[in-house]
Structure formats: C-alpha cells, structure tokens
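Source file my_file16.csv; content: CSV, C-alpha atoms.
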chain,number,residue,atom,x,y,z
A,1,MET,CA,14.9,19.1,-26.7
A,2,ASN,CA,16.2,16.3,-24.4
A,3,GLY,CA,17.4,12.8,-25.3
A,4,ARG,CA,14.1,11.2,-24.8
A,5,GLU,CA,12.3,13.5,-27.1
A,6,ARG,CA,15.0,13.1,-29.8
A,7,ILE,CA,14.7,9.3,-29.7
A,8,LEU,CA,10.9,9.3,-29.8
A,9,GLY,CA,11.0,11.8,-32.7
A,10,ARG,CA,13.2,9.4,-34.7
A,11,VAL,CA,10.8,6.6,-34.0
A,12,ARG,CA,7.8,8.6,-35.2
A,13,ARG,CA,9.6,9.7,-38.4
A,14,ALA,CA,10.7,6.1,-39.1
A,15,LEU,CA,7.0,5.0,-38.8
A,16,ALA,CA,5.5,7.9,-40.6
A,17,ASP,CA,4.7,5.9,-43.7
A,18,VAL,CA,3.4,2.8,-41.8
A,19,PRO,CA,-0.4,2.6,-41.5
A,20,PRO,CA,-1.5,2.8,-37.8
A,21,ASP,CA,-2.9,-0.7,-37.7
A,22,GLU,CA,0.5,-2.2,-38.9
A,23,ARG,CA,2.6,-0.4,-36.3
A,24,PRO,CA,4.1,-3.0,-34.0
A,25,TYR,CA,3.5,-1.0,-30.8
A,26,GLU,CA,-0.2,-0.7,-31.6
A,27,GLU,CA,-0.7,-4.4,-31.3
A,28,ALA,CA,-2.4,-5.7,-28.1
A,29,VAL,CA,-0.1,-7.5,-25.8
A,30,PRO,CA,-1.3,-11.0,-25.1
A,31,ARG,CA,-2.2,-11.7,-21.4
A,32,GLU,CA,-2.1,-15.5,-21.4
A,33,TYR,CA,-0.1,-15.9,-18.2
A,34,LEU,CA,-1.4,-17.6,-15.1
A,35,ARG,CA,-3.6,-15.2,-13.2
A,36,ALA,CA,-3.6,-16.9,-9.8
A,37,HIS,CA,-2.1,-20.0,-8.3
A,38,GLY,CA,-5.0,-22.3,-8.0
A,39,GLU,CA,-8.7,-21.6,-7.1
A,40,ARG,CA,-9.6,-20.5,-3.6
A,41,THR,CA,-12.8,-19.5,-1.8
A,42,THR,CA,-13.1,-16.0,-0.4
A,43,GLY,CA,-12.4,-17.3,3.1
A,44,GLU,CA,-9.3,-19.1,1.9
A,45,THR,CA,-8.0,-16.0,0.2
A,46,VAL,CA,-8.4,-13.9,3.3
A,47,GLU,CA,-6.7,-16.6,5.4
A,48,LEU,CA,-3.8,-16.7,2.9
A,49,LEU,CA,-3.4,-13.0,3.2
A,50,ALA,CA,-3.3,-13.2,7.0
A,51,GLU,CA,-0.7,-16.0,6.9
A,52,ASN,CA,1.6,-14.1,4.5
A,53,LEU,CA,1.3,-10.8,6.3
A,54,ALA,CA,2.4,-12.6,9.5
A,55,ASP,CA,5.2,-14.2,7.6
A,56,TYR,CA,6.5,-10.7,6.7
A,57,ARG,CA,6.3,-9.9,10.5
A,58,ALA,CA,3.3,-7.7,10.2
A,59,ILE,CA,0.9,-8.0,13.2
A,60,VAL,CA,-2.6,-9.1,12.1
A,61,HIS,CA,-5.8,-8.4,13.9
A,62,ARG,CA,-9.4,-9.0,13.1
A,63,ALA,CA,-12.5,-6.9,13.9
A,64,ASP,CA,-15.9,-5.9,12.8
A,65,ALA,CA,-17.1,-2.4,12.5
A,66,GLU,CA,-18.4,-2.3,16.1
A,67,GLU,CA,-15.1,-3.6,17.5
A,68,LEU,CA,-12.8,-1.5,15.3
A,69,PRO,CA,-12.7,1.8,17.3
A,70,MET,CA,-11.7,0.1,20.6
A,71,LEU,CA,-9.2,-2.1,18.8
A,72,VAL,CA,-7.5,1.0,17.3
A,73,ARG,CA,-7.5,2.7,20.7
A,74,ARG,CA,-5.8,-0.4,22.3
A,75,LEU,CA,-3.1,-0.6,19.6
A,76,LEU,CA,-2.3,3.1,19.9
A,77,ALA,CA,-2.2,2.8,23.7
A,78,GLU,CA,0.1,-0.3,23.6
A,79,HIS,CA,2.5,1.6,21.3
A,80,GLY,CA,2.4,4.6,23.7
A,81,SER,CA,1.3,7.0,21.0
A,82,GLN,CA,0.7,10.6,22.0
A,83,GLU,CA,0.0,11.8,18.4
A,84,VAL,CA,-1.5,10.0,15.4
A,85,LEU,CA,-1.5,11.1,11.8
A,86,VAL,CA,-4.9,11.2,10.1
A,87,PRO,CA,-5.5,11.1,6.3
A,88,PRO,CA,-8.2,13.6,5.2
A,89,GLY,CA,-10.7,11.0,4.3
A,90,LEU,CA,-10.2,8.5,7.1
A,91,PRO,CA,-13.7,7.4,8.4
A,92,SER,CA,-14.2,9.3,11.6
A,93,GLY,CA,-15.6,6.3,13.5
A,94,TRP,CA,-12.2,4.5,13.2
A,95,LEU,CA,-10.6,6.9,15.7
A,96,ALA,CA,-13.8,7.6,17.7
A,97,ALA,CA,-12.4,6.0,20.9
A,98,ALA,CA,-8.8,6.9,20.4
A,99,ASP,CA,-7.0,9.2,22.9
A,100,PRO,CA,-3.9,10.5,21.0
A,101,VAL,CA,-3.9,14.0,19.5
A,102,ARG,CA,-4.9,13.9,15.9
A,103,ILE,CA,-2.4,15.4,13.5
A,104,HIS,CA,-3.9,16.1,10.1
A,105,ASP,CA,-1.9,15.6,6.8
A,106,ARG,CA,-1.0,19.0,5.6
A,107,ALA,CA,1.3,20.0,2.7
A,108,ALA,CA,3.1,22.4,5.1
A,109,SER,CA,4.1,19.7,7.5
A,110,THR,CA,7.9,19.0,7.3
A,111,ALA,CA,9.4,15.5,7.4
A,112,LEU,CA,10.9,16.4,10.7
A,113,ARG,CA,7.5,17.2,12.1
A,114,LEU,CA,6.0,14.0,10.8
A,115,ASP,CA,8.9,12.1,12.3
A,116,ARG,CA,7.8,13.2,15.7
A,117,VAL,CA,4.3,11.7,15.2
A,118,ASP,CA,4.1,8.2,16.8
A,119,SER,CA,1.6,6.5,14.6
A,120,VAL,CA,-0.5,6.7,11.5
A,121,VAL,CA,-3.8,5.0,10.7
A,122,THR,CA,-4.8,4.5,7.0
A,123,GLY,CA,-7.0,2.4,4.8
A,124,CYS,CA,-5.7,0.7,1.7
A,125,ALA,CA,-6.6,0.3,-2.0
A,126,VAL,CA,-6.1,-3.5,-2.3
A,127,ALA,CA,-4.4,-6.4,-0.5
A,128,ILE,CA,-2.7,-9.2,-2.3
A,129,ALA,CA,-3.0,-12.6,-0.6
A,130,GLU,CA,-0.4,-14.5,-2.5
A,131,THR,CA,2.4,-12.0,-1.6
A,132,GLY,CA,1.1,-10.6,1.7
A,133,THR,CA,1.2,-7.1,0.1
A,134,LEU,CA,-0.8,-4.0,0.9
A,135,VAL,CA,-1.1,-1.3,-1.8
A,136,LEU,CA,-1.9,2.3,-1.0
A,137,ASP,CA,-2.9,4.7,-3.8
A,138,GLY,CA,-3.2,8.0,-2.2
A,139,SER,CA,-7.0,7.9,-1.9
A,140,PRO,CA,-8.5,10.1,0.9
A,141,ASP,CA,-8.5,7.4,3.5
A,142,GLN,CA,-4.8,6.8,2.8
A,143,GLY,CA,-3.3,10.2,2.4
A,144,ARG,CA,-0.1,11.1,0.7
A,145,ARG,CA,2.7,8.6,0.5
A,146,ARG,CA,5.0,10.2,3.0
A,147,ILE,CA,2.5,9.8,5.9
A,148,SER,CA,2.8,6.0,5.7
A,149,LEU,CA,6.6,6.1,5.4
A,150,ILE,CA,7.8,8.5,8.1
A,151,PRO,CA,6.0,7.5,11.3
A,152,ASP,CA,7.4,4.5,13.2
A,153,HIS,CA,4.0,2.7,13.6
A,154,HIS,CA,1.5,2.1,10.9
A,155,ILE,CA,-2.0,0.7,11.4
A,156,CYS,CA,-3.6,-0.2,8.1
A,157,VAL,CA,-7.2,-1.2,7.9
A,158,VAL,CA,-8.2,-3.7,5.1
A,159,ARG,CA,-11.9,-4.2,4.3
A,160,VAL,CA,-12.4,-7.9,3.8
A,161,PRO,CA,-13.3,-9.5,1.5
A,162,ASP,CA,-13.9,-6.5,-0.8
A,163,GLN,CA,-10.3,-5.2,-0.9
A,164,VAL,CA,-8.6,-8.6,-1.0
A,165,VAL,CA,-7.5,-10.3,-4.2
A,166,SER,CA,-5.5,-13.5,-4.7
A,167,SER,CA,-2.8,-12.4,-7.0
A,168,LEU,CA,-0.7,-9.5,-8.4
A,169,PRO,CA,-2.4,-9.6,-11.9
A,170,GLN,CA,-5.8,-9.3,-10.2
A,171,ALA,CA,-4.5,-6.3,-8.1
A,172,LEU,CA,-3.2,-4.5,-11.1
A,173,GLU,CA,-6.6,-4.6,-12.8
A,174,ARG,CA,-8.0,-2.6,-9.8
A,175,LEU,CA,-5.2,0.0,-9.6
A,176,ASP,CA,-4.7,3.2,-11.6
A,177,PRO,CA,-1.0,3.3,-12.7
A,178,ALA,CA,-1.2,7.1,-12.7
A,179,ARG,CA,-1.8,7.3,-9.0
A,180,PRO,CA,1.1,7.3,-6.4
A,181,LEU,CA,1.2,3.6,-5.5
A,182,THR,CA,2.9,2.5,-2.3
A,183,TRP,CA,3.5,-1.3,-2.1
A,184,ILE,CA,4.0,-2.6,1.5
A,185,SER,CA,5.1,-6.2,2.3
A,186,GLY,CA,5.6,-6.1,6.1
A,187,PRO,CA,7.4,-3.5,8.2
A,188,SER,CA,10.4,-1.8,6.7
A,189,ALA,CA,13.5,-4.0,6.8
A,190,THR,CA,16.8,-4.4,5.2
A,191,SER,CA,19.9,-6.6,5.6
A,192,ASP,CA,23.6,-5.9,5.2
A,193,ILE,CA,26.2,-8.2,3.7
A,194,GLU,CA,26.3,-10.2,7.0
A,195,LEU,CA,22.5,-10.6,6.7
A,196,ASP,CA,21.9,-8.6,9.9
A,197,ARG,CA,18.3,-7.5,9.7
A,198,VAL,CA,17.6,-3.8,10.5
A,199,GLU,CA,14.0,-2.6,10.7
A,200,GLY,CA,12.7,1.0,10.2
A,201,VAL,CA,15.2,2.2,7.6
A,202,HIS,CA,12.7,2.9,4.8
A,203,GLY,CA,9.5,3.1,6.7
A,204,PRO,CA,7.6,2.0,9.9
A,205,ARG,CA,9.3,-0.5,12.2
A,206,THR,CA,5.9,-1.8,13.2
A,207,LEU,CA,3.1,-2.6,10.8
A,208,GLU,CA,-0.3,-3.7,12.3
A,209,VAL,CA,-3.0,-4.8,9.9
A,210,ILE,CA,-6.6,-4.9,10.8
A,211,LEU,CA,-8.8,-7.2,8.7
A,212,LEU,CA,-12.2,-5.4,8.9
A,213,GLY,CA,-15.0,-7.8,8.3

Represent the structure from my file as structure tokens, please.
Amino acid sequence: MNGRERILGRVRRALADVPPDERPYEEAVPREYLRAHGERTTGETVELLAENLADYRAIVHRADAEELPMLVRRLLAEHGSQEVLVPPGLPSGWLAAADPVRIHDRAASTALRLDRVDSVVTGCAVAIAETGTLVLDGSPDQGRRRISLIPDHHICVVRVPDQVVSSLPQALERLDPARPLTWISGPSATSDIELDRVEGVHGPRTLEVILLG
C-alpha cells in the first residue's frame, strides 16, 4: 500500500458513519464565476481568436474547404518540407495537393525518427478565443501528443465557427478530462533570466493555424 492509498483509507474510515448525502465532498461545487468576458457574435469570437493567435506569434490563415488543399501545399512548400506527419484520422482531402512524403503516426516510430520529419498537420478539439489557445485531445485527426510536439513545423486546422469558443470555462465543457489534452498558445517559446526568448525548446518553432470556414 502506498501513501496515497493509506491517506484515502483513513478518510474513508473517518467518514464511515456519515450518511452519503452529508459528506462534504459529495456536495456540488457552485459554478457562479464569470463564464466569458462580455457578449460577442460568432464573427467577433473568431476575430478575437485570430488576433490572440497572432499575438502569440502564430501565423494565421483563412480558407474554405475548396481552398484548403492548395493552401496546405503552399505552406509545406514554403517551409521546405520533404516529409509530413499524418494522424490516422486526418481528412484525406486536406493533403490531396501536397507533395511531401506522408509519414504515418506509428507506435514504433522513435522520437529520433519523428524529429527528422519536417512538418505535421493536425485538426484540433477546440480553440479558445480569449486566450488564443488551441486544444488537442488525441482524436483521430490529431493523433498522439508527441506528433504535435516533436516536428519543428505544425499546421493546425480549426473548423470555424464550430470548434471556436469564447472562454476557458466554455472549452472545459467540451473536453473529456480523461483524454490526453495538449494546450497550445503559440509556437514553443521560453525565456531565460535575461528575458532572451528562445523558440522550439518544448515543441514546434513555427505554428501555422488555418481557420477553415
């Protein structure tokens, strides 16, 4: 028995004679906090997302379904990508016009092998306008967490307006906490004590977001 189990065992024994409806941890937690900062139209919410993504140094593009394949092809070509990582459930049409060799996400692929891949293209679970944050949850069009962290160039497609919410509380309502959630606010960056910014330490140096309308 580890420490956690011993502590929880003591709590259960201490509450053994307390009726379930009187146990403090059974009470519902009140959710009376502000759910969003002001009211916005759908269009205003999408514009706020684009503004905050750009503020985090992500590169924002817009396209409809017909334009998307050629846009993805252009972005991969501009990056000089020879190989692109592909999640198992990525819509095939998104890469229909792309030239790079497709590398499929496999459990046997090592981190070293994935590091040699130039780009990755994924979808997302939800995008938060107020914080400029993209959330990936490991769904088939997003793949495992590591494929969005190791390659140097990440293209993330956000379906608008369906996947865009105003605030964090609204995003949490859509997400399953048991899934492997990856929260992305701009390309990877960190600063040392002198505030010298270094990009690419914890993930892609370049994040390109396509708002798919």

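With all atoms listed in the file as the atoms that count, the minimum distance from A:Val72 to the choices A:Leu34, A:Ala111, A:Leu48, A:Leu212 is reached by A:Leu212.
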
Would you compute the box with edges along x, y and z of the file around stretch 54-65 of chain A, including every atom the file lists for it and 6 Å extra on each side, and give its centre and edge lengths in Å to one decimal, as JSON?
{"center_x": -5.3, "center_y": -8.3, "center_z": 10.3, "size_x": 35.6, "size_y": 23.8, "size_z": 19.2}

(message) Counting all atoms listed in the file, which residue out of A:Gln142, A:Ser185, A:Thr131, A:Asn52 sits closest to A:Leu168?
(response)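 For A:Leu168, the nearest of the given residues is A:Thr131.
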
(message) Measuring between all atoms listed in the file, which one of A:Glu130, A:Asp118, A:Asp152, A:Asp141 shows the shortest distance to A:Ser188?
(response)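 Counting all atoms listed in the file, the residue closest to A:Ser188 is A:Asp152.
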
Show which residues sit within 12 Å of A:Val209, as a compact mmCIF listing (two decimals) with C-alpha atoms, in the coordinates of the input. Count only C-alpha atoms, and ignore same-chain residues fewer than 3 positions away.
# COMPACT_ATOMS: atom_id res chain seq x y z
CA LEU A 49 -3.40 -13.00 3.20
CA ALA A 50 -3.30 -13.20 7.00
CA GLU A 51 -0.70 -16.00 6.90
CA ASN A 52 1.60 -14.10 4.50
CA LEU A 53 1.30 -10.80 6.30
CA ALA A 54 2.40 -12.60 9.50
CA TYR A 56 6.50 -10.70 6.70
CA ARG A 57 6.30 -9.90 10.50
CA ALA A 58 3.30 -7.70 10.20
CA ILE A 59 0.90 -8.00 13.20
CA VAL A 60 -2.60 -9.10 12.10
CA HIS A 61 -5.80 -8.40 13.90
CA ARG A 62 -9.40 -9.00 13.10
CA ALA A 63 -12.50 -6.90 13.90
CA LEU A 68 -12.80 -1.50 15.30
CA LEU A 71 -9.20 -2.10 18.80
CA VAL A 72 -7.50 1.00 17.30
CA LEU A 75 -3.10 -0.60 19.60
CA VAL A 120 -0.50 6.70 11.50
CA VAL A 121 -3.80 5.00 10.70
CA THR A 122 -4.80 4.50 7.00
CA GLY A 123 -7.00 2.40 4.80
CA CYS A 124 -5.70 0.70 1.70
CA ALA A 127 -4.40 -6.40 -0.50
CA GLY A 132 1.10 -10.60 1.70
CA THR A 133 1.20 -7.10 0.10
CA LEU A 134 -0.80 -4.00 0.90
CA HIS A 153 4.00 2.70 13.60
CA HIS A 154 1.50 2.10 10.90
CA ILE A 155 -2.00 0.70 11.40
CA CYS A 156 -3.60 -0.20 8.10
CA VAL A 157 -7.20 -1.20 7.90
CA VAL A 158 -8.20 -3.70 5.10
CA ARG A 159 -11.90 -4.20 4.30
CA VAL A 160 -12.40 -7.90 3.80
CA ILE A 184 4.00 -2.60 1.50
CA SER A 185 5.10 -6.20 2.30
CA GLY A 186 5.60 -6.10 6.10
CA PRO A 187 7.40 -3.50 8.20
CA THR A 206 5.90 -1.80 13.20
CA LEU A 212 -12.20 -5.40 8.90

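A straight line drawn from atom CA of A:Ile103 to atom CA of A:Arg145 is 15.5 Å long.
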
(message) To one decimal place in Å, what is the distance between atom CA of A:Thr45 and atom CA of A:Val165?
(response)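 Going from atom CA of A:Thr45 over to atom CA of A:Val165 covers 7.2 Å.
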
(message) Please determine, counting only C-alpha atoms, which residue among A:Pro100, A:Gly203, A:Gly138, A:Pro177 has the shortest atom-to-atom distance to A:His79.
(response)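 Checking each candidate against A:His79, we get A:Pro100 as the closest.
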
Residues near stretch 36-38 of chain A, cut-off 8 Å, all atoms listed in the file, skip fewer than 2 positions along chain, as a tab-separated table (two decimals) with C-alpha atoms, in the frame of the given file:
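Result file around-v3.tsv:
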chain	number	residue	atom	x	y	z
A	34	LEU	CA	-1.40	-17.60	-15.10
A	40	ARG	CA	-9.60	-20.50	-3.60
A	166	SER	CA	-5.50	-13.50	-4.70
A	167	SER	CA	-2.80	-12.40	-7.00
A	169	PRO	CA	-2.40	-9.60	-11.90
A	170	GLN	CA	-5.80	-9.30	-10.20

(message) I need the residue nearest A:Arg174 from this list: A:Ala125, A:Ser148, A:Leu207, A:Leu136. Use all atoms listed in the file for the distance.
(response)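 Looking only at the distances to A:Arg174, the closest residue turns out to be A:Ala125.
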
(request) Figure out the distance between atom CA of A:Arg205 and atom CA of A:Thr190, please, to one decimal in Å. (result)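 We find that atom CA of A:Thr190 and atom CA of A:Arg205 lie 11.0 Å from each other.
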
(request) Kindly indicate which residue among A:Ala107, A:Met70, A:Val135, A:Ala65 lies nearest to A:Pro91, using all atoms listed in the file for the distances. (result) A:Ala65
